[in-house]
$ cat start-v5.txt   # compact mmCIF, C-alpha atoms
# COMPACT_ATOMS: atom_id res chain seq x y z
CA MET A 1 167.05 141.66 86.51
CA ARG A 2 170.34 141.66 88.38
CA LEU A 3 173.42 139.85 87.08
CA PRO A 4 173.94 136.16 88.07
CA ALA A 5 176.28 135.03 90.79
CA LEU A 6 179.36 135.98 88.78
CA GLY A 7 181.70 135.61 91.74
CA LEU A 8 180.69 132.01 92.27
CA ILE A 9 180.94 131.20 88.57
CA LEU A 10 184.37 132.78 88.11
CA GLY A 11 185.66 131.48 91.42
CA THR A 12 184.69 127.92 90.56
CA ALA A 13 186.18 128.18 87.08
CA ILE A 14 189.50 129.55 88.35
CA LEU A 15 189.80 127.09 91.21
CA GLY A 16 188.76 124.21 88.94
CA ALA A 17 191.44 125.11 86.40
CA SER A 18 194.05 125.37 89.15
CA ALA A 19 193.12 122.01 90.62
CA ALA A 20 193.21 120.37 87.18
CA ALA A 21 196.66 121.78 86.51
CA ALA A 22 197.86 120.55 89.88
CA PHE A 23 196.65 117.00 89.35
CA ASN A 24 198.06 116.91 85.83
CA LEU A 25 201.63 117.39 87.05
CA ALA A 26 204.01 114.80 85.62
CA PRO A 27 204.59 111.76 87.87
CA GLN A 28 207.67 111.97 90.05
CA PRO A 29 210.09 109.14 90.75
CA SER A 30 209.24 107.17 93.87
CA SER A 31 212.30 108.57 95.63
CA ALA A 32 210.78 112.06 95.28
CA ALA A 33 207.18 111.09 96.20
CA SER A 34 207.17 113.03 99.44
CA THR A 35 208.50 116.16 97.72
CA SER A 36 205.90 115.80 94.94
CA VAL A 37 203.02 115.61 97.41
CA ASN A 38 204.26 118.67 99.24
CA ASN A 39 204.66 120.56 95.96
CA ARG A 40 201.10 119.73 94.95
CA ARG A 41 199.73 120.81 98.30
CA ASP A 42 201.65 124.08 98.08
CA PHE A 43 200.38 124.65 94.54
CA LEU A 44 196.75 124.08 95.53
CA ALA A 45 197.05 126.28 98.60
CA LYS A 46 198.55 129.15 96.59
CA SER A 47 195.90 128.77 93.85
CA ALA A 48 193.06 128.87 96.38
CA ALA A 49 194.54 131.94 98.06
CA ALA A 50 194.91 133.72 94.73
CA THR A 51 191.32 132.92 93.76
CA ALA A 52 189.96 134.21 97.08
CA SER A 53 191.86 137.49 96.67
CA ILE A 54 190.37 138.36 93.26
CA ALA A 55 188.05 141.39 93.53
CA LEU A 56 184.76 140.34 91.97
CA PRO A 57 181.70 142.53 91.32
CA ASN A 58 179.14 142.87 94.09
CA VAL A 59 176.17 141.35 92.30
CA ALA A 60 172.88 139.95 93.56
CA LEU A 61 171.97 136.30 93.30
CA ALA A 62 169.09 135.38 91.03
CA ASP A 63 167.38 133.85 94.09
CA ASP A 64 167.07 137.35 95.57
CA TYR A 65 163.84 137.63 93.56
CA ALA A 66 162.61 134.05 93.83
CA ASP A 67 159.48 135.21 95.66
CA TYR A 68 158.52 137.68 92.93
CA THR A 69 155.83 137.04 90.33
CA THR A 70 156.96 137.50 86.73
CA THR A 71 154.39 138.70 84.19
CA GLU A 72 154.34 137.94 80.45
CA SER A 73 155.91 141.33 79.75
CA GLY A 74 158.90 140.56 81.98
CA MET A 75 157.91 142.75 84.93
CA LYS A 76 158.58 141.26 88.37
CA TYR A 77 156.55 142.25 91.41
CA LEU A 78 156.09 141.41 95.06
CA ILE A 79 153.08 142.54 97.10
CA THR A 80 154.39 143.89 100.40
CA LYS A 81 151.05 145.21 101.70
CA GLU A 82 147.64 143.88 100.69
CA GLY A 83 144.99 146.35 99.60
CA ASP A 84 141.26 146.09 100.27
CA GLY A 85 139.89 148.69 97.87
CA ALA A 86 138.84 148.82 94.24
CA VAL A 87 141.06 148.14 91.23
CA PRO A 88 141.28 151.08 88.79
CA THR A 89 139.98 150.75 85.26
CA ALA A 90 141.66 152.20 82.18
CA GLY A 91 141.40 155.98 82.10
CA GLN A 92 140.73 156.46 85.81
CA LEU A 93 142.82 158.99 87.71
CA VAL A 94 144.74 157.55 90.65
CA LYS A 95 146.91 158.87 93.45
CA ALA A 96 150.08 156.97 94.33
CA HIS A 97 153.31 157.11 96.29
CA TYR A 98 156.55 155.74 94.88
CA THR A 99 160.31 155.57 95.27
CA GLY A 100 162.60 154.59 92.39
CA TRP A 101 166.16 153.25 92.31
CA LEU A 102 168.79 152.10 89.87
CA ASP A 103 170.75 148.89 90.59
CA ASP A 104 168.49 147.55 93.36
CA PHE A 105 165.95 148.44 96.02
CA ASP A 106 167.40 150.76 98.68
CA SER A 107 170.61 151.24 96.67
CA PRO A 108 172.49 154.57 96.89
CA LYS A 109 171.15 155.37 93.40
CA LYS A 110 167.67 156.59 94.32
CA PHE A 111 166.53 158.84 91.48
CA ASP A 112 163.09 160.02 92.60
CA SER A 113 160.59 159.70 95.44
CA SER A 114 157.14 161.18 96.04
CA ARG A 115 157.46 160.06 99.65
CA ASP A 116 160.55 162.21 100.13
CA ARG A 117 158.63 165.21 98.78
CA GLY A 118 155.58 164.38 100.89
CA ARG A 119 153.40 164.78 97.82
CA PRO A 120 151.58 161.87 96.13
CA PHE A 121 151.72 161.50 92.37
CA GLN A 122 148.66 161.46 90.10
CA PHE A 123 148.11 159.96 86.66
CA LYS A 124 145.48 158.22 84.55
CA VAL A 125 145.96 154.47 84.42
CA GLY A 126 146.33 152.98 80.95
CA ALA A 127 146.46 156.35 79.22
CA GLY A 128 150.17 156.37 78.37
CA GLN A 129 150.94 159.19 80.80
CA VAL A 130 153.57 157.09 82.56
CA ILE A 131 156.04 154.37 81.60
CA ARG A 132 154.58 151.07 80.39
CA GLY A 133 155.54 149.15 83.51
CA TRP A 134 153.58 151.55 85.70
CA ASP A 135 150.44 151.27 83.56
CA GLU A 136 150.70 147.49 83.80
CA ALA A 137 151.37 147.40 87.55
CA PHE A 138 148.66 149.82 88.67
CA ALA A 139 146.03 148.26 86.41
CA SER A 140 145.96 145.21 88.71
CA MET A 141 146.52 146.86 92.11
CA LYS A 142 143.86 147.42 94.76
CA VAL A 143 143.58 150.69 96.65
CA GLY A 144 145.78 150.38 99.72
CA GLU A 145 148.12 147.89 98.07
CA ARG A 146 151.89 148.34 98.08
CA ARG A 147 154.29 146.53 95.76
CA LYS A 148 157.91 146.28 94.82
CA ILE A 149 158.24 146.15 91.05
CA ILE A 150 161.24 145.50 88.81
CA LEU A 151 160.97 146.89 85.31
CA PRO A 152 163.26 145.88 82.45
CA SER A 153 164.24 148.81 80.24
CA ARG A 154 161.61 147.98 77.59
CA LEU A 155 158.92 148.69 80.21
CA ALA A 156 160.66 151.86 81.36
CA TYR A 157 162.82 154.25 79.31
CA GLY A 158 164.34 151.83 76.82
CA ASP A 159 167.67 152.54 75.23
CA ARG A 160 167.25 156.32 75.38
CA GLY A 161 167.19 156.73 79.16
CA ALA A 162 165.64 159.82 80.74
CA GLY A 163 166.61 163.25 81.97
CA GLY A 164 170.32 162.58 82.16
CA ILE A 165 169.55 160.59 85.32
CA ILE A 166 168.45 157.20 84.03
CA PRO A 167 170.89 155.63 81.54
CA GLY A 168 169.72 153.80 78.45
CA GLY A 169 168.97 150.13 78.97
CA ALA A 170 168.55 150.54 82.75
CA THR A 171 166.42 148.19 84.84
CA LEU A 172 164.36 150.20 87.33
CA TYR A 173 163.32 149.23 90.85
CA PHE A 174 160.20 150.83 92.33
CA ASP A 175 158.34 150.68 95.62
CA VAL A 176 154.81 151.80 94.68
CA GLU A 177 151.59 152.23 96.64
CA LEU A 178 148.08 152.90 95.32
CA LEU A 179 146.54 155.44 97.68
CA ALA A 180 143.24 156.27 96.01
CA ILE A 181 141.12 156.32 92.89
CA LEU A 182 140.09 159.94 92.48
CA GLY A 183 136.81 161.55 91.45
CA THR A 184 135.78 163.48 88.36
CA GLU A 185 138.68 164.99 86.49
CA VAL A 186 138.91 167.94 84.11
CA GLU A 187 141.69 168.17 81.53
CA ASN A 188 143.41 171.51 81.06
CA ALA A 189 144.76 171.17 77.51
CA SER A 190 146.74 174.41 77.55
CA ARG A 191 148.84 173.32 80.54
CA ARG A 192 148.74 169.59 79.75
CA VAL A 193 147.96 168.66 83.31
CA VAL A 194 145.07 166.92 84.98
CA VAL A 195 143.15 168.57 87.80
CA THR A 196 140.60 166.76 89.97
CA VAL A 197 137.75 168.06 92.05
CA THR A 198 139.15 166.26 95.08
CA ASP A 199 142.82 167.24 94.96
CA SER A 200 144.93 170.07 93.54
CA ASP A 201 148.13 168.11 92.86
CA THR A 202 149.08 167.67 89.22
CA ILE A 203 151.10 165.19 87.22
CA SER A 204 154.78 165.26 88.12
CA GLU A 205 157.14 166.86 85.61
CA PHE A 206 159.52 163.91 86.01
CA TRP A 207 157.22 161.72 83.98
$ encode --input "start-v5.txt" --output "structure tokens"
Amino acid sequence: MRLPALGLILGTAILGASAAAAFNLAPQPSSAASTSVNNRRDFLAKSAAATASIALPNVALADDYADYTTTESGMKYLITKEGDGAVPTAGQLVKAHYTGWLDDFDSPKKFDSSRDRGRPFQFKVGAGQVIRGWDEAFASMKVGERRKIILPSRLAYGDRGAGGIIPGGATLYFDVELLAILGTEVENASRRVVVTVTDSDTISEFW
């Protein structure tokens, strides 16, 4: 999950402290009342300007994901295209498209995409061939369905990261689509890949 609205929190705290300091100024004699008021106004104006100029991190608001469903495991997902096909059962081979990012959806940190390669990805659902978040997500998707999923690190690559590309502890953002449940498969133990009678693509080396 993305960080909270840090800018708003810090900005409020800084401005609040400035305002408190301004209104705690010692009382001035009545002959200097006008000068005191002007000094307070100047102080508040300068404090507000200083607060506005602080460079704060560009972070997403928690409400960015208010429409997402959160599962017991901590995965968040949003169905962006309804499917009308079957739901895969554990051990079935499926074909899917995906794009993955760090930081957020459509961020500059895209680390992999089957769509960019023009080649769908295949794996057996619930068999531990992919990260835990993928097994969970695809086990409840219908053929034709497309989702955005947000995976905390414990459902992805944990503290170890992966391939020098994904840092330890990273939250991953995926756009996934279940294209098909495939036919009879034959395991080739020597190559550790899965081949189907309906398609020649094999499991991606990335996973």
$ residues_around --input "start-v5.txt" --residues "A:Ala170" --least-positions-apart "5" --cutoff "8 Å" --atoms "all atoms listed in the file" --output "NGL selection string"
:A and (102 or 152-153 or 157-159 or 161)
$ closest_residue --input "start-v5.txt" --among "A:Ala127, A:Leu182, A:Leu155, A:Val94" --to "A:Met75" --atoms "all atoms listed in the file"
A:Leu155
$ atom_distance --input "start-v5.txt" --atom1 "atom CA of A:Ser107" --atom2 "atom CA of A:Ile149"
14.5 Å
$ residues_around --input "start-v5.txt" --residues "stretch 78-80 of chain A" --least-positions-apart "4" --cutoff "10 Å" --atoms "only C-alpha atoms" --output "list in words"
Tyr65, Ala66, Asp67, Tyr68, Thr69, Thr70, Met141, Glu145, Arg146, Arg147, Lys148, Ile149, Ile150, Asp175, Val176 and Glu177 of chain A
$ residues_around --input "start-v5.txt" --residues "A:Leu93" --least-positions-apart "6" --cutoff "7 Å" --atoms "only C-alpha atoms" --output "list of chain:residue names"
A:Gln122, A:Phe123, A:Lys124, A:Val125, A:Ile181, A:Leu182
$ axis_aligned_box --input "start-v5.txt" --around "stretch 81-94 of chain A" --padding-each-side "6 Å" --output "AutoDock Vina command-line options"
--center_x 144.9 --center_y 151.4 --center_z 91.9 --size_x 24.2 --size_y 27.1 --size_z 31.6
$ atom_distance --input "start-v5.txt" --atom1 "atom CA of A:Phe121" --atom2 "atom CA of A:Pro167"
22.8 Å
$ residues_around --input "start-v5.txt" --residues "A:Trp101" --least-positions-apart "5" --cutoff "10 Å" --atoms "only C-alpha atoms" --output "PyMOL selection string"
chain A and resi 106-113+150+166+171-175
$ atom_distance --input "start-v5.txt" --atom1 "atom CA of A:Leu179" --atom2 "atom CA of A:Arg115"
12.0 Å
$ closest_residue --input "start-v5.txt" --among "A:Asp103, A:Ala156, A:Asp116, A:Gly85" --to "A:Val130" --atoms "all atoms listed in the file"
A:Ala156
$ closest_residue --input "start-v5.txt" --among "A:Lys95, A:Lys76, A:Arg160, A:Lys81" --to "A:Ala137" --atoms "all atoms listed in the file"
A:Lys76
$ closest_residue --input "start-v5.txt" --among "A:Gly83, A:Gly100, A:Gly133, A:Gly91" --to "A:Ile165" --atoms "only C-alpha atoms"
A:Gly100
$ closest_residue --input "start-v5.txt" --among "A:Ala162, A:Lys142, A:Ile131, A:Asp104" --to "A:Asp84" --atoms "all atoms listed in the file"
A:Lys142
$ closest_residue --input "start-v5.txt" --among "A:Leu151, A:Ala96, A:Ala180, A:Val87" --to "A:Gly74" --atoms "only C-alpha atoms"
A:Leu151
$ build_atoms --input "start-v5.txt" --residues "stretch 133-158 of chain A" --atoms "N, CA, C and O atoms" --output "tab-separated table (two decimals), in the frame of the given file"
chain	number	residue	atom	x	y	z
A	133	GLY	N	155.56	150.01	82.34
A	133	GLY	CA	155.54	149.15	83.51
A	133	GLY	C	154.61	149.66	84.60
A	133	GLY	O	153.99	148.87	85.32
A	134	TRP	N	154.51	150.98	84.71
A	134	TRP	CA	153.58	151.55	85.70
A	134	TRP	C	152.13	151.31	85.29
A	134	TRP	O	151.30	150.95	86.11
A	135	ASP	N	151.81	151.53	84.01
A	135	ASP	CA	150.44	151.27	83.56
A	135	ASP	C	150.06	149.82	83.83
A	135	ASP	O	148.94	149.53	84.28
A	136	GLU	N	150.99	148.90	83.57
A	136	GLU	CA	150.70	147.49	83.80
A	136	GLU	C	150.52	147.18	85.29
A	136	GLU	O	149.58	146.49	85.69
A	137	ALA	N	151.42	147.71	86.12
A	137	ALA	CA	151.37	147.40	87.55
A	137	ALA	C	150.10	147.93	88.21
A	137	ALA	O	149.39	147.19	88.91
A	138	PHE	N	149.79	149.20	87.97
A	138	PHE	CA	148.66	149.82	88.67
A	138	PHE	C	147.32	149.32	88.16
A	138	PHE	O	146.31	149.43	88.86
A	139	ALA	N	147.29	148.77	86.96
A	139	ALA	CA	146.03	148.26	86.41
A	139	ALA	C	145.53	147.02	87.16
A	139	ALA	O	144.37	146.63	87.01
A	140	SER	N	146.38	146.40	87.95
A	140	SER	CA	145.96	145.21	88.71
A	140	SER	C	146.08	145.39	90.22
A	140	SER	O	145.92	144.43	90.98
A	141	MET	N	146.38	146.61	90.67
A	141	MET	CA	146.52	146.86	92.11
A	141	MET	C	145.19	147.30	92.73
A	141	MET	O	144.39	147.98	92.09
A	142	LYS	N	145.00	146.93	93.99
A	142	LYS	CA	143.86	147.42	94.76
A	142	LYS	C	144.26	148.66	95.54
A	142	LYS	O	145.43	148.82	95.89
A	143	VAL	N	143.31	149.52	95.81
A	143	VAL	CA	143.58	150.69	96.65
A	143	VAL	C	144.07	150.20	98.01
A	143	VAL	O	143.49	149.29	98.61
A	144	GLY	N	145.16	150.79	98.46
A	144	GLY	CA	145.78	150.38	99.72
A	144	GLY	C	146.93	149.41	99.53
A	144	GLY	O	147.69	149.16	100.47
A	145	GLU	N	147.07	148.88	98.33
A	145	GLU	CA	148.12	147.89	98.07
A	145	GLU	C	149.47	148.56	97.84
A	145	GLU	O	149.56	149.65	97.28
A	146	ARG	N	150.52	147.87	98.29
A	146	ARG	CA	151.89	148.34	98.08
A	146	ARG	C	152.70	147.20	97.47
A	146	ARG	O	152.58	146.05	97.89
A	147	ARG	N	153.49	147.53	96.46
A	147	ARG	CA	154.29	146.53	95.76
A	147	ARG	C	155.72	147.00	95.54
A	147	ARG	O	155.98	148.21	95.45
A	148	LYS	N	156.60	146.04	95.39
A	148	LYS	CA	157.91	146.28	94.82
A	148	LYS	C	157.85	145.75	93.39
A	148	LYS	O	157.41	144.61	93.17
A	149	ILE	N	158.27	146.57	92.44
A	149	ILE	CA	158.24	146.15	91.05
A	149	ILE	C	159.62	146.36	90.41
A	149	ILE	O	160.33	147.31	90.74
A	150	ILE	N	159.97	145.42	89.54
A	150	ILE	CA	161.24	145.50	88.81
A	150	ILE	C	160.90	145.57	87.34
A	150	ILE	O	160.25	144.66	86.79
A	151	LEU	N	161.33	146.66	86.69
A	151	LEU	CA	160.97	146.89	85.31
A	151	LEU	C	162.19	146.80	84.40
A	151	LEU	O	163.13	147.60	84.54
A	152	PRO	N	162.20	145.87	83.45
A	152	PRO	CA	163.26	145.88	82.45
A	152	PRO	C	163.14	147.16	81.61
A	152	PRO	O	162.09	147.80	81.59
A	153	SER	N	164.21	147.52	80.93
A	153	SER	CA	164.24	148.81	80.24
A	153	SER	C	163.12	148.97	79.22
A	153	SER	O	162.62	150.07	79.01
A	154	ARG	N	162.68	147.86	78.60
A	154	ARG	CA	161.61	147.98	77.59
A	154	ARG	C	160.29	148.40	78.20
A	154	ARG	O	159.39	148.87	77.49
A	155	LEU	N	160.13	148.24	79.52
A	155	LEU	CA	158.92	148.69	80.21
A	155	LEU	C	159.14	150.03	80.91
A	155	LEU	O	158.26	150.52	81.61
A	156	ALA	N	160.33	150.59	80.71
A	156	ALA	CA	160.66	151.86	81.36
A	156	ALA	C	161.08	152.89	80.31
A	156	ALA	O	160.25	153.36	79.54
A	157	TYR	N	162.37	153.21	80.23
A	157	TYR	CA	162.82	154.25	79.31
A	157	TYR	C	163.66	153.73	78.15
A	157	TYR	O	164.27	154.50	77.42
A	158	GLY	N	163.69	152.41	77.97
A	158	GLY	CA	164.34	151.83	76.82
A	158	GLY	C	165.81	152.19	76.70
A	158	GLY	O	166.49	152.42	77.71
